[in-house]
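Engineer: Below is the file coords.txt, which contains compact mmCIF, C-alpha atoms.
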# COMPACT_ATOMS: atom_id res chain seq x y z
CA MET A 1 38.85 -79.57 13.54
CA LYS A 2 37.31 -76.18 14.36
CA PRO A 3 33.78 -75.47 13.16
CA GLN A 4 33.73 -73.15 10.17
CA LYS A 5 32.39 -69.65 10.74
CA PRO A 6 29.71 -68.38 8.34
CA TRP A 7 31.93 -65.55 7.08
CA ASP A 8 34.77 -67.97 6.38
CA GLY A 9 32.79 -69.67 3.63
CA PRO A 10 34.43 -71.36 0.67
CA LYS A 11 36.20 -69.09 -1.77
CA ARG A 12 34.46 -68.92 -5.12
CA LYS A 13 35.75 -67.97 -8.49
CA LYS A 14 34.57 -64.68 -9.92
CA LYS A 15 31.60 -65.28 -12.17
CA ASN A 16 31.78 -63.92 -15.70
CA LYS A 17 28.89 -62.10 -17.24
CA PRO A 18 26.72 -64.46 -19.29
CA GLY A 19 27.15 -62.41 -22.49
CA ASP A 20 30.97 -62.33 -22.41
CA ILE A 21 33.10 -64.66 -24.52
CA SER A 22 36.83 -65.24 -24.82
CA LYS A 23 38.06 -64.35 -28.28
CA ARG A 24 41.61 -64.72 -29.61
CA TYR A 25 42.93 -62.15 -32.10
CA THR A 26 46.17 -61.54 -33.99
CA LEU A 27 47.04 -57.88 -33.60
CA PRO A 28 50.08 -55.60 -33.81
CA ALA A 29 52.48 -55.75 -30.86
CA ALA A 30 52.21 -51.95 -30.52
CA ALA A 31 48.42 -52.28 -30.12
CA VAL A 32 48.87 -54.97 -27.45
CA GLU A 33 51.17 -52.66 -25.49
CA ALA A 34 48.82 -49.67 -25.88
CA ILE A 35 45.86 -51.77 -24.68
CA ARG A 36 47.86 -52.89 -21.63
CA GLU A 37 48.73 -49.28 -20.78
CA ALA A 38 45.15 -48.08 -21.19
CA ALA A 39 43.77 -50.94 -19.08
CA ALA A 40 44.54 -49.07 -15.85
CA GLU A 41 42.23 -46.25 -16.91
CA TYR A 42 39.44 -48.52 -18.22
CA ARG A 43 39.71 -51.23 -15.47
CA SER A 44 40.43 -54.13 -17.86
CA ARG A 45 41.88 -54.95 -21.26
CA GLY A 46 38.55 -56.26 -22.49
CA ARG A 47 36.91 -52.95 -21.64
CA VAL A 48 39.59 -51.08 -23.63
CA VAL A 49 38.81 -53.24 -26.67
CA GLN A 50 35.08 -52.67 -26.15
CA VAL A 51 35.45 -48.87 -25.91
CA ALA A 52 37.74 -48.78 -28.95
CA ALA A 53 35.24 -50.74 -31.07
CA GLU A 54 32.36 -48.51 -29.97
CA LEU A 55 34.37 -45.37 -30.76
CA LEU A 56 35.25 -46.65 -34.23
CA THR A 57 31.62 -47.39 -35.07
CA ARG A 58 30.61 -43.85 -34.11
CA MET A 59 33.45 -42.06 -35.93
CA ASP A 60 32.75 -40.66 -39.37
CA PRO A 61 35.07 -41.50 -41.09
CA PRO A 62 37.06 -43.99 -39.01
CA PRO A 63 40.88 -43.67 -38.97
CA SER A 64 42.57 -44.81 -42.16
CA PRO A 65 44.32 -48.20 -42.28
CA GLU A 66 48.03 -48.39 -41.47
CA PRO A 67 50.31 -49.30 -44.41
CA ALA A 68 52.60 -51.56 -42.31
CA LEU A 69 51.63 -52.95 -38.93
CA GLY A 70 54.96 -54.47 -37.87
CA GLU A 71 55.31 -57.44 -35.55
CA MET A 72 52.09 -59.34 -34.83
CA GLN A 73 51.05 -61.00 -31.56
CA ARG A 74 48.16 -63.27 -30.51
CA MET A 75 46.03 -62.18 -27.55
CA THR A 76 42.81 -63.39 -25.96
CA TYR A 77 40.29 -60.88 -24.63
CA ARG A 78 37.07 -61.53 -22.69
CA ILE A 79 34.58 -59.23 -24.40
CA PRO A 80 30.83 -59.03 -25.02
CA GLN A 81 29.41 -60.70 -28.12
CA ARG A 82 28.34 -57.27 -29.43
CA THR A 83 31.99 -56.14 -29.45
CA VAL A 84 33.01 -59.26 -31.40
CA ASP A 85 30.29 -58.47 -33.95
CA LEU A 86 31.41 -54.82 -34.18
CA ILE A 87 35.03 -55.83 -34.81
CA GLU A 88 33.94 -58.24 -37.55
CA GLU A 89 31.70 -55.61 -39.15
CA LEU A 90 34.40 -52.93 -39.05
CA ALA A 91 36.95 -55.33 -40.54
CA ARG A 92 34.54 -56.22 -43.33
CA THR A 93 33.37 -52.69 -44.19
CA SER A 94 36.33 -50.38 -43.52
CA TYR A 95 39.54 -52.40 -43.21
CA ASP A 96 39.55 -55.05 -46.00
CA ASN A 97 38.73 -57.99 -43.68
CA ASP A 98 41.83 -57.29 -41.57
CA ARG A 99 41.04 -57.39 -37.84
CA ALA A 100 44.57 -56.24 -36.99
CA GLN A 101 43.81 -52.95 -38.77
CA VAL A 102 40.68 -52.58 -36.61
CA PHE A 103 42.78 -52.91 -33.45
CA ALA A 104 45.40 -50.45 -34.74
CA ALA A 105 42.66 -47.94 -35.57
CA GLY A 106 41.00 -48.54 -32.20
CA VAL A 107 44.21 -47.67 -30.40
CA LYS A 108 44.43 -44.49 -32.50
CA ALA A 109 40.86 -43.61 -31.53
CA ILE A 110 41.50 -44.12 -27.82
CA LYS A 111 44.61 -41.95 -27.94
CA MET A 112 42.86 -39.09 -29.77
CA LYS A 113 42.32 -35.91 -27.77
CA LYS A 114 39.39 -34.66 -29.85
CA ILE A 115 37.14 -37.16 -31.58
CA LYS A 116 35.36 -35.83 -34.65
Show me, as structure tokens, the structure contained in the file I just sent.

Structural biologist:
Amino acid sequence: MKPQKPWDGPKRKKKNKPGDISKRYTLPAAAVEAIREAAAEYRSRGRVVQVAAELLTRMDPPPSPEPALGEMQRMTYRIPQRTVDLIEELARTSYDNDRAQVFAAGVKAIKMKKIK
């Protein structure tokens, strides 16, 4: 067997940031598709969710809840703990404890041209 060269070291898995957690949410299928499309611009789906949550917390007032969300889908996102807390807080204060409404509003916020 040939001796291993120093630059041919063992392949390692990409390390995750220590503050990130995997969180599973039920959200509208349209929001899942919009997050996938925006991921190219924001580098990852988790980053899209993070930006959407931050935008919603800074908007006054946040977008109104949707009357009917349509088909729902379960997705897991690797996001910072702060983003998880923001989603929970937004659901509790503005969207009647419905996290799916938070994701629908977040997609609206990302798609807005001018944010008030």

Engineer: Using only C-alpha atoms, find the one residue out of A:Gln101, A:Arg78, A:Met112, A:Ser22 that sits nearest to A:Gln50.

Structural biologist: A:Arg78

Engineer: Would you mind listing what lies within 9 Å of A:Val51 as a PyMOL selection string, with only C-alpha atoms counted and same-chain residues fewer than 2 positions away left out?

Structural biologist: chain A and resi 42+46-49+53-56+83+106+110

Engineer: Between atom CA of A:Glu33 and atom CA of A:Ile79, what is the distance in Å, rounded to a tenth?

Structural biologist: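 Separation between atom CA of A:Glu33 and atom CA of A:Ile79: 17.9 Å.
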
Engineer: Restricting the calculation to all atoms listed in the file, which member of A:Arg92, A:Arg99, A:Arg82, A:Arg36 is positioned closest to A:Leu69?

Structural biologist: A:Arg99

Engineer: Figure out the distance between atom CA of A:Pro28 and atom CA of A:Ala104, please, to one decimal in Å.

Structural biologist: 7.0 Å
